[in-house]
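Visitor: coords.cif is reproduced below (mmCIF, N, CA and C atoms and all ligand atoms).
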```cif
data_upload
#
loop_
_atom_site.label_atom_id
_atom_site.label_comp_id
_atom_site.auth_asym_id
_atom_site.auth_seq_id
_atom_site.Cartn_x
_atom_site.Cartn_y
_atom_site.Cartn_z
N MET A 182 75.08 29.47 1.39
CA MET A 182 76.19 28.49 1.44
C MET A 182 77.44 29.09 0.82
N GLN A 183 78.51 29.12 1.57
CA GLN A 183 79.71 29.83 1.14
C GLN A 183 80.34 29.27 -0.14
N ASP A 184 80.40 27.96 -0.23
CA ASP A 184 81.13 27.38 -1.35
C ASP A 184 80.23 26.88 -2.47
N CYS A 185 79.02 27.39 -2.52
CA CYS A 185 78.08 26.94 -3.53
C CYS A 185 78.10 27.89 -4.74
N LEU A 186 78.35 27.30 -5.91
CA LEU A 186 78.42 28.09 -7.14
C LEU A 186 77.15 28.90 -7.38
N PHE A 187 76.00 28.26 -7.21
CA PHE A 187 74.75 28.97 -7.52
C PHE A 187 74.43 30.02 -6.46
N CYS A 188 74.78 29.78 -5.21
CA CYS A 188 74.63 30.84 -4.19
C CYS A 188 75.50 32.03 -4.56
N LYS A 189 76.67 31.77 -5.12
CA LYS A 189 77.54 32.88 -5.55
C LYS A 189 76.92 33.65 -6.71
N ILE A 190 76.23 32.96 -7.60
CA ILE A 190 75.52 33.66 -8.68
C ILE A 190 74.38 34.50 -8.09
N ILE A 191 73.66 33.93 -7.14
CA ILE A 191 72.57 34.68 -6.48
C ILE A 191 73.13 35.95 -5.83
N ASN A 192 74.29 35.82 -5.20
CA ASN A 192 74.89 36.96 -4.49
C ASN A 192 75.73 37.86 -5.39
N ARG A 193 75.69 37.57 -6.69
CA ARG A 193 76.42 38.37 -7.69
C ARG A 193 77.94 38.33 -7.48
N GLU A 194 78.43 37.25 -6.87
CA GLU A 194 79.88 37.08 -6.73
C GLU A 194 80.46 36.45 -7.98
N ILE A 195 79.60 35.77 -8.77
CA ILE A 195 79.96 35.18 -10.05
C ILE A 195 78.94 35.70 -11.06
N PRO A 196 79.40 36.15 -12.23
CA PRO A 196 78.45 36.70 -13.20
C PRO A 196 77.61 35.63 -13.87
N ALA A 197 76.43 36.00 -14.27
CA ALA A 197 75.56 35.11 -15.05
C ALA A 197 74.62 35.99 -15.85
N LYS A 198 74.11 35.42 -16.93
CA LYS A 198 73.15 36.14 -17.76
C LYS A 198 71.76 35.86 -17.19
N ILE A 199 71.28 36.80 -16.41
CA ILE A 199 70.04 36.58 -15.65
C ILE A 199 68.82 36.87 -16.52
N ALA A 200 67.87 35.94 -16.49
CA ALA A 200 66.67 36.06 -17.31
C ALA A 200 65.46 36.49 -16.48
N TYR A 201 65.47 36.15 -15.20
CA TYR A 201 64.31 36.46 -14.35
C TYR A 201 64.76 36.40 -12.89
N GLU A 202 64.18 37.29 -12.10
CA GLU A 202 64.48 37.27 -10.66
C GLU A 202 63.27 37.75 -9.88
N ASP A 203 62.98 37.08 -8.77
CA ASP A 203 62.03 37.62 -7.81
C ASP A 203 62.56 37.32 -6.41
N GLU A 204 61.72 37.48 -5.40
CA GLU A 204 62.22 37.32 -4.02
C GLU A 204 62.72 35.92 -3.74
N GLU A 205 62.12 34.94 -4.41
CA GLU A 205 62.41 33.53 -4.08
C GLU A 205 63.26 32.81 -5.11
N LEU A 206 63.20 33.27 -6.36
CA LEU A 206 63.78 32.51 -7.47
C LEU A 206 64.72 33.36 -8.31
N LEU A 207 65.64 32.66 -8.99
CA LEU A 207 66.50 33.30 -9.98
C LEU A 207 66.55 32.36 -11.19
N ALA A 208 66.48 32.95 -12.40
CA ALA A 208 66.64 32.16 -13.63
C ALA A 208 67.76 32.80 -14.44
N PHE A 209 68.66 31.96 -14.93
CA PHE A 209 69.80 32.48 -15.71
C PHE A 209 70.16 31.46 -16.78
N HIS A 210 70.92 31.93 -17.78
CA HIS A 210 71.28 31.07 -18.90
C HIS A 210 72.42 30.13 -18.50
N ASP A 211 72.27 28.85 -18.88
CA ASP A 211 73.31 27.86 -18.61
C ASP A 211 74.58 28.23 -19.37
N ILE A 212 75.71 28.07 -18.72
CA ILE A 212 77.00 28.43 -19.31
C ILE A 212 77.39 27.48 -20.46
N ASP A 213 76.80 26.30 -20.48
CA ASP A 213 77.12 25.28 -21.50
C ASP A 213 75.80 24.77 -22.09
N PRO A 214 75.14 25.61 -22.89
CA PRO A 214 73.77 25.29 -23.31
C PRO A 214 73.66 24.02 -24.14
N GLN A 215 72.66 23.22 -23.83
CA GLN A 215 72.40 21.95 -24.53
C GLN A 215 71.26 22.08 -25.54
N ALA A 216 70.76 23.28 -25.70
CA ALA A 216 69.69 23.57 -26.66
C ALA A 216 69.78 25.06 -26.94
N PRO A 217 69.14 25.55 -28.02
CA PRO A 217 69.21 26.99 -28.33
C PRO A 217 68.83 27.88 -27.14
N THR A 218 67.84 27.45 -26.36
CA THR A 218 67.57 28.12 -25.08
C THR A 218 67.77 27.10 -23.97
N HIS A 219 68.59 27.44 -23.01
CA HIS A 219 68.85 26.56 -21.86
C HIS A 219 68.99 27.44 -20.63
N LEU A 220 67.91 27.48 -19.86
CA LEU A 220 67.91 28.28 -18.63
C LEU A 220 67.99 27.36 -17.43
N LEU A 221 68.48 27.89 -16.35
CA LEU A 221 68.45 27.22 -15.05
C LEU A 221 67.60 28.08 -14.13
N ILE A 222 66.64 27.46 -13.48
CA ILE A 222 65.77 28.17 -12.55
C ILE A 222 66.04 27.60 -11.16
N ILE A 223 66.39 28.47 -10.24
CA ILE A 223 66.84 28.00 -8.92
C ILE A 223 66.12 28.75 -7.81
N PRO A 224 65.94 28.09 -6.66
CA PRO A 224 65.48 28.82 -5.48
C PRO A 224 66.64 29.62 -4.90
N LYS A 225 66.35 30.79 -4.34
CA LYS A 225 67.43 31.57 -3.72
C LYS A 225 67.89 30.92 -2.42
N ARG A 226 67.00 30.18 -1.80
CA ARG A 226 67.39 29.46 -0.58
C ARG A 226 68.19 28.23 -0.98
N HIS A 227 69.33 28.02 -0.34
CA HIS A 227 70.16 26.87 -0.69
C HIS A 227 69.51 25.56 -0.28
N ILE A 228 69.31 24.68 -1.26
CA ILE A 228 68.85 23.31 -1.02
C ILE A 228 69.78 22.44 -1.84
N THR A 229 70.44 21.48 -1.22
CA THR A 229 71.54 20.77 -1.87
C THR A 229 71.08 19.82 -2.97
N THR A 230 70.11 18.96 -2.66
CA THR A 230 69.60 18.03 -3.67
C THR A 230 68.09 17.91 -3.51
N LEU A 231 67.45 17.28 -4.49
CA LEU A 231 66.00 17.04 -4.41
C LEU A 231 65.66 16.20 -3.19
N ASN A 232 66.62 15.39 -2.73
CA ASN A 232 66.36 14.55 -1.56
C ASN A 232 66.19 15.36 -0.27
N ASP A 233 66.57 16.63 -0.31
CA ASP A 233 66.46 17.47 0.87
C ASP A 233 65.14 18.22 0.95
N LEU A 234 64.27 18.03 -0.03
CA LEU A 234 62.97 18.73 -0.03
C LEU A 234 62.03 18.10 0.99
N ASN A 235 61.20 18.93 1.59
CA ASN A 235 60.14 18.39 2.43
C ASN A 235 58.84 19.15 2.18
N GLU A 236 57.81 18.80 2.93
CA GLU A 236 56.46 19.34 2.66
C GLU A 236 56.42 20.86 2.63
N GLU A 237 57.22 21.49 3.47
CA GLU A 237 57.20 22.96 3.53
C GLU A 237 57.73 23.59 2.25
N ASP A 238 58.39 22.79 1.43
CA ASP A 238 58.96 23.33 0.19
C ASP A 238 58.00 23.18 -1.00
N ALA A 239 56.80 22.68 -0.75
CA ALA A 239 55.88 22.38 -1.86
C ALA A 239 55.60 23.62 -2.71
N ALA A 240 55.33 24.74 -2.07
CA ALA A 240 55.00 25.96 -2.83
C ALA A 240 56.22 26.44 -3.62
N LEU A 241 57.38 26.35 -3.00
CA LEU A 241 58.61 26.79 -3.68
C LEU A 241 58.87 25.95 -4.93
N VAL A 242 58.74 24.65 -4.80
CA VAL A 242 58.98 23.77 -5.95
C VAL A 242 57.92 24.01 -7.02
N GLY A 243 56.67 24.23 -6.59
CA GLY A 243 55.62 24.56 -7.54
C GLY A 243 55.95 25.82 -8.30
N ARG A 244 56.50 26.79 -7.59
CA ARG A 244 56.85 28.06 -8.24
C ARG A 244 57.95 27.88 -9.28
N LEU A 245 58.87 26.96 -9.04
CA LEU A 245 59.91 26.68 -10.05
C LEU A 245 59.23 26.27 -11.36
N GLN A 246 58.27 25.37 -11.26
CA GLN A 246 57.61 24.87 -12.48
C GLN A 246 56.72 25.92 -13.13
N ILE A 247 55.98 26.66 -12.31
CA ILE A 247 55.11 27.72 -12.84
C ILE A 247 55.96 28.77 -13.55
N THR A 248 57.12 29.06 -12.97
CA THR A 248 58.01 30.07 -13.56
C THR A 248 58.56 29.56 -14.89
N ALA A 249 58.91 28.29 -14.95
CA ALA A 249 59.39 27.71 -16.21
C ALA A 249 58.32 27.87 -17.29
N ALA A 250 57.08 27.56 -16.95
CA ALA A 250 55.99 27.66 -17.93
C ALA A 250 55.76 29.11 -18.35
N ARG A 251 55.86 30.03 -17.40
CA ARG A 251 55.66 31.43 -17.74
C ARG A 251 56.79 31.95 -18.63
N LEU A 252 58.03 31.59 -18.30
CA LEU A 252 59.16 32.00 -19.14
C LEU A 252 59.02 31.42 -20.54
N ALA A 253 58.53 30.18 -20.63
CA ALA A 253 58.34 29.57 -21.95
C ALA A 253 57.36 30.39 -22.78
N LYS A 254 56.29 30.84 -22.15
CA LYS A 254 55.32 31.68 -22.88
C LYS A 254 55.96 33.01 -23.26
N GLU A 255 56.60 33.65 -22.30
CA GLU A 255 57.19 34.98 -22.56
C GLU A 255 58.30 34.91 -23.60
N MET A 256 59.04 33.83 -23.61
CA MET A 256 60.17 33.73 -24.55
C MET A 256 59.76 33.13 -25.89
N GLY A 257 58.49 32.71 -25.97
CA GLY A 257 57.92 32.36 -27.27
C GLY A 257 58.06 30.91 -27.70
N PHE A 258 58.42 30.00 -26.81
CA PHE A 258 58.54 28.60 -27.22
C PHE A 258 57.52 27.68 -26.53
N ALA A 259 56.55 28.25 -25.87
CA ALA A 259 55.56 27.42 -25.16
C ALA A 259 54.80 26.51 -26.12
N GLU A 260 54.39 27.05 -27.25
CA GLU A 260 53.59 26.25 -28.18
C GLU A 260 54.42 25.18 -28.87
N ASP A 261 55.63 25.52 -29.31
CA ASP A 261 56.50 24.52 -29.93
C ASP A 261 56.86 23.43 -28.93
N GLY A 262 57.07 23.83 -27.69
CA GLY A 262 57.37 22.87 -26.64
C GLY A 262 58.75 23.04 -26.06
N TYR A 263 58.96 22.36 -24.97
CA TYR A 263 60.21 22.51 -24.21
C TYR A 263 60.30 21.35 -23.23
N ARG A 264 61.41 21.28 -22.55
CA ARG A 264 61.59 20.22 -21.53
C ARG A 264 62.12 20.84 -20.25
N VAL A 265 61.62 20.37 -19.11
CA VAL A 265 62.21 20.73 -17.82
C VAL A 265 62.79 19.46 -17.21
N VAL A 266 63.95 19.62 -16.59
CA VAL A 266 64.68 18.49 -16.02
C VAL A 266 65.28 18.92 -14.70
N MET A 267 65.20 18.04 -13.70
CA MET A 267 65.93 18.27 -12.45
C MET A 267 66.73 17.01 -12.16
N ASN A 268 68.03 17.14 -12.11
CA ASN A 268 68.91 15.99 -11.90
C ASN A 268 69.23 15.85 -10.41
N CYS A 269 69.26 14.60 -9.95
CA CYS A 269 69.57 14.35 -8.54
C CYS A 269 70.70 13.34 -8.38
N ASN A 270 71.73 13.79 -7.72
CA ASN A 270 72.85 12.93 -7.34
C ASN A 270 73.55 12.27 -8.54
N GLU A 271 74.39 11.31 -8.28
CA GLU A 271 75.30 10.79 -9.30
C GLU A 271 74.56 10.19 -10.50
N HIS A 272 73.61 9.31 -10.25
CA HIS A 272 72.93 8.65 -11.37
C HIS A 272 72.04 9.61 -12.15
N GLY A 273 71.58 10.66 -11.50
CA GLY A 273 70.79 11.68 -12.19
C GLY A 273 71.64 12.65 -12.99
N GLY A 274 72.94 12.64 -12.74
CA GLY A 274 73.85 13.53 -13.48
C GLY A 274 74.00 14.90 -12.85
N GLN A 275 73.68 15.00 -11.55
CA GLN A 275 73.81 16.31 -10.89
C GLN A 275 75.28 16.66 -10.70
N THR A 276 75.63 17.90 -11.07
CA THR A 276 77.02 18.35 -10.92
C THR A 276 77.14 19.62 -10.08
N VAL A 277 76.03 20.31 -9.86
CA VAL A 277 76.05 21.50 -9.00
C VAL A 277 75.09 21.22 -7.84
N TRP A 278 75.58 21.45 -6.64
CA TRP A 278 74.88 20.98 -5.44
C TRP A 278 74.01 22.07 -4.82
N HIS A 279 73.11 22.55 -5.66
CA HIS A 279 72.06 23.52 -5.27
C HIS A 279 70.96 23.24 -6.28
N ILE A 280 69.80 22.83 -5.82
CA ILE A 280 68.80 22.32 -6.78
C ILE A 280 68.50 23.35 -7.86
N HIS A 281 68.24 22.84 -9.06
CA HIS A 281 67.98 23.71 -10.21
C HIS A 281 67.12 22.97 -11.21
N MET A 282 66.25 23.72 -11.85
CA MET A 282 65.42 23.18 -12.92
C MET A 282 66.00 23.64 -14.25
N HIS A 283 66.36 22.68 -15.11
CA HIS A 283 66.79 23.01 -16.47
C HIS A 283 65.54 23.28 -17.30
N LEU A 284 65.55 24.32 -18.08
CA LEU A 284 64.49 24.61 -19.05
C LEU A 284 65.15 24.66 -20.43
N LEU A 285 64.84 23.63 -21.24
CA LEU A 285 65.49 23.45 -22.54
C LEU A 285 64.47 23.64 -23.66
N ALA A 286 64.86 24.41 -24.67
CA ALA A 286 63.91 24.69 -25.75
C ALA A 286 64.67 25.12 -27.00
N GLY A 287 63.91 25.17 -28.10
CA GLY A 287 64.47 25.70 -29.34
C GLY A 287 64.85 24.65 -30.35
N ARG A 288 64.73 23.38 -29.99
CA ARG A 288 64.94 22.28 -30.95
C ARG A 288 64.11 21.08 -30.45
N ALA A 289 63.89 20.14 -31.35
CA ALA A 289 63.19 18.92 -30.95
C ALA A 289 64.16 18.05 -30.16
N LEU A 290 63.84 17.80 -28.92
CA LEU A 290 64.73 17.02 -28.04
C LEU A 290 64.41 15.54 -28.18
N THR A 291 65.42 14.73 -28.05
CA THR A 291 65.20 13.28 -28.20
C THR A 291 64.82 12.65 -26.85
N TRP A 292 64.28 11.45 -26.94
CA TRP A 292 63.91 10.67 -25.75
C TRP A 292 64.18 9.21 -26.05
N PRO A 293 64.70 8.40 -25.18
CA PRO A 293 65.02 8.72 -23.80
C PRO A 293 66.33 9.50 -23.68
N PRO A 294 66.53 10.15 -22.52
CA PRO A 294 67.79 10.85 -22.27
C PRO A 294 68.91 9.82 -22.14
N GLY A 295 70.13 10.26 -22.29
CA GLY A 295 71.28 9.36 -22.23
C GLY A 295 71.49 8.78 -20.86
P1 LIG B 1 73.43 19.53 -13.37
O1 LIG B 1 74.44 18.74 -14.15
O2 LIG B 1 72.03 19.09 -13.53
O3 LIG B 1 73.84 19.66 -11.93
O4 LIG B 1 73.45 20.98 -14.02
C1 LIG B 1 74.38 21.96 -13.67
C2 LIG B 1 74.38 22.94 -14.80
O5 LIG B 1 75.02 24.12 -14.38
C3 LIG B 1 75.13 22.46 -16.05
O6 LIG B 1 74.23 22.42 -17.16
C4 LIG B 1 76.24 23.48 -16.22
O7 LIG B 1 76.52 23.78 -17.56
C5 LIG B 1 75.69 24.68 -15.47
N1 LIG B 1 76.68 25.62 -14.97
C6 LIG B 1 77.83 25.31 -14.33
N2 LIG B 1 78.49 26.44 -14.00
C7 LIG B 1 77.72 27.48 -14.43
C8 LIG B 1 77.85 28.90 -14.39
N3 LIG B 1 78.91 29.50 -13.81
N4 LIG B 1 76.87 29.65 -14.95
C9 LIG B 1 75.81 29.05 -15.54
N5 LIG B 1 75.62 27.73 -15.59
C10 LIG B 1 76.56 26.95 -15.06
ZN ZN B 2 73.61 27.21 -2.99
#
```
Show me this structure written as structure tokens.
Guide:
Amino acid sequence: MQDCLFCKIINREIPAKIAYEDEELLAFHDIDPQAPTHLLIIPKRHITTLNDLNEEDAALVGRLQITAARLAKEMGFAEDGYRVVMNCNEHGGQTVWHIHMHLLAGRALTWPPG
């Protein structure tokens, strides 16, 4: 997608601090971190919102979560704990229109979210 911020990060047109990459996924540090560790894990294929997912995307979405758990172990906060969040549309607080999983860690997070 030409005008998508995260597609531009995938294509290295915009810089980001990349934490992990494979054929399907990219993980990078959020530019405005809400916790000591705040990563965004995204599919390389452009998907605008969670509402655009279908059955064929099941493995891809599963890989987002598996990757979050693996990064948590590798980065050393799996035992202390962490939170994953995916925001959808206006009420969910989505601001970038390419699906992404937030991985937040490094402090005790409060609940419920705002
Ligand atoms: P959301 O509000 O769930 O759509 O999350 C979008 C996230 O992208 C926010 O946490 C932003 O801080 C983050 N973000 C926006 N621009 C960039 C960027 N250029 N590099 C890294 N993260 C970004
Ligand atoms: Zn995109």
Visitor: Using all atoms listed in the file, which protein or nucleic acid residues come within 7 Å of segment 186-193 of chain A? Drop anything in the same chain fewer than 4 positions from it, and give the result as JSON, numbers by chain.
Guide: {"A": [182, 197, 225, 227, 277, 278, 279]}
Visitor: With a distance cut-off of 6.5 Å and only N, CA and C atoms, select the neighbouring residues of segment 212-221 of chain A, excluding the residue or stretch itself and same-chain residues fewer than 3 positions from it, and output the selection as a short mmCIF file (atom, residue, chain, number, x, y, z; two decimals) with N, CA and C atoms, in the frame of the given file.
Guide:
```cif
data_model
loop_
_atom_site.label_atom_id
_atom_site.label_comp_id
_atom_site.auth_asym_id
_atom_site.auth_seq_id
_atom_site.Cartn_x
_atom_site.Cartn_y
_atom_site.Cartn_z
N LEU A 207 65.64 32.66 -8.99
CA LEU A 207 66.50 33.30 -9.98
C LEU A 207 66.55 32.36 -11.19
N ALA A 208 66.48 32.95 -12.40
CA ALA A 208 66.64 32.16 -13.63
C ALA A 208 67.76 32.80 -14.44
N PHE A 209 68.66 31.96 -14.93
CA PHE A 209 69.80 32.48 -15.71
C PHE A 209 70.16 31.46 -16.78
N HIS A 281 68.24 22.84 -9.06
CA HIS A 281 67.98 23.71 -10.21
C HIS A 281 67.12 22.97 -11.21
N MET A 282 66.25 23.72 -11.85
CA MET A 282 65.42 23.18 -12.92
C MET A 282 66.00 23.64 -14.25
N HIS A 283 66.36 22.68 -15.11
CA HIS A 283 66.79 23.01 -16.47
C HIS A 283 65.54 23.28 -17.30
N LEU A 284 65.55 24.32 -18.08
CA LEU A 284 64.49 24.61 -19.05
C LEU A 284 65.15 24.66 -20.43
N LEU A 285 64.84 23.63 -21.24
CA LEU A 285 65.49 23.45 -22.54
C LEU A 285 64.47 23.64 -23.66
N ALA A 286 64.86 24.41 -24.67
CA ALA A 286 63.91 24.69 -25.75
C ALA A 286 64.67 25.12 -27.00
N GLY A 287 63.91 25.17 -28.10
CA GLY A 287 64.47 25.70 -29.34
C GLY A 287 64.85 24.65 -30.35
N ARG A 288 64.73 23.38 -29.99
CA ARG A 288 64.94 22.28 -30.95
C ARG A 288 64.11 21.08 -30.45
#
```
Visitor: Would you please give, as a PyMOL selection string, all residues of segment 188-237 of chain A that DSSP assigns to strand (DSSP E or B) based on the backbone?
Guide: chain A and resi 199-202+206-210+218-224
Visitor: Using only C-alpha atoms, what residues lie at most 6 Å away from (74.2, 17.1, -4.0) (file coordinates), given as a ChimeraX atom specification?
Guide: /A:229-230,270,278
Visitor: Between atom N4 of ligand LIG 1 (chain B) and atom C of His210 of chain A, what distance in Å does the model show, to one decimal?
Guide: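 Computing the Euclidean distance for atom N4 of ligand LIG 1 (chain B) and atom C of His210 of chain A yields 5.7 Å.
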Visitor: Looking at only N, CA and C atoms and all ligand atoms, which of A:Ile280, A:Leu241, A:Ala250, A:Ile199 is the one that sits closest to ligand ZN 2 (chain B)?
Guide: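 So, comparing all the options, the nearest one is A:Ile280.
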Visitor: Out of A:Gln275, A:Leu245, A:Cys185, A:Pro294, which residue has the shortest atom-to-atom distance to Ile222 of chain A when counting only N, CA and C atoms?
Guide: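 Selected residue with least distance to Ile222 of chain A: A:Leu245.
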Visitor: State, in Å with one decimal place, the distance from atom O3 of ligand LIG 1 (chain B) to atom CA of Gly257 of chain A.
Guide: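 Atom CA of Gly257 of chain A lies at a distance of 25.5 Å from atom O3 of ligand LIG 1 (chain B).
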Visitor: So how far away is atom C4 of ligand LIG 1 (chain B) from atom CA of Pro293 of chain A, in Å?
Guide: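 Between these atoms lies a distance of 20.0 Å.
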Visitor: Please give the complete set of residues from chain A that DSSP, run on the backbone, assigns to alpha helix (DSSP H), formatted as a list in words.
Guide: Leu186, Phe187, Cys188, Lys189, Ile190, Ile191, Ala239, Ala240, Leu241, Val242, Gly243, Arg244, Leu245, Gln246, Ile247, Thr248, Ala249, Ala250, Arg251, Leu252, Ala253, Lys254, Glu255, Met256, Asn270, Glu271, His272 and Gly273 of chain A
Visitor: Show which residues sit within 6.5 Å of Glu205 of chain A, as a ChimeraX atom specification. Count all atoms listed in the file, and ignore same-chain residues fewer than 3 positions away.
Guide: /A:202,223-226
Visitor: With N, CA and C atoms retained, write the just-selected residues as a PDB file, in the frame of the given file.
Guide:
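Okay, this is what ended up in part-v5.pdb:
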```
ATOM      1  N   GLU A 202      64.180  37.290 -12.100  1.00  0.00           N
ATOM      2  CA  GLU A 202      64.480  37.270 -10.660  1.00  0.00           C
ATOM      3  C   GLU A 202      63.270  37.750  -9.880  1.00  0.00           C
ATOM      4  N   ILE A 223      66.390  28.470 -10.240  1.00  0.00           N
ATOM      5  CA  ILE A 223      66.840  28.000  -8.920  1.00  0.00           C
ATOM      6  C   ILE A 223      66.120  28.750  -7.810  1.00  0.00           C
ATOM      7  N   PRO A 224      65.940  28.090  -6.660  1.00  0.00           N
ATOM      8  CA  PRO A 224      65.480  28.820  -5.480  1.00  0.00           C
ATOM      9  C   PRO A 224      66.640  29.620  -4.900  1.00  0.00           C
ATOM     10  N   LYS A 225      66.350  30.790  -4.340  1.00  0.00           N
ATOM     11  CA  LYS A 225      67.430  31.570  -3.720  1.00  0.00           C
ATOM     12  C   LYS A 225      67.890  30.920  -2.420  1.00  0.00           C
ATOM     13  N   ARG A 226      67.000  30.180  -1.800  1.00  0.00           N
ATOM     14  CA  ARG A 226      67.390  29.460  -0.580  1.00  0.00           C
ATOM     15  C   ARG A 226      68.190  28.230  -0.980  1.00  0.00           C
TER      16      ARG A 226
END
```
Visitor: Skip Ala253 of chain A itself and residues of its chain fewer than 4 positions away, then list as a list in words all residues within 9 Å of it, counting only C-alpha atoms.
Guide: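 With the cut-off at 9 Å, the set is Thr248, Ala249, Gly257, Phe258, Ala259, Glu260, Gly262, Tyr263, Leu284 and Ala286 of chain A.
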Visitor: How big is the axis-aligned box around the listed atoms of ligand LIG 1 (chain B) once 4 Å is added on each side, and where is its centre? Give both in Å to one decimal, as JSON.
Guide:
```
{"center_x": 75.5, "center_y": 24.2, "center_z": -14.7, "size_x": 14.9, "size_y": 18.9, "size_z": 13.6}
```
Visitor: Counting only N, CA and C atoms and all ligand atoms, which residue out of A:Val265, A:Ala240, A:Met256, A:Ile228 sits closest to ligand ZN 2 (chain B)?
Guide: A:Ile228
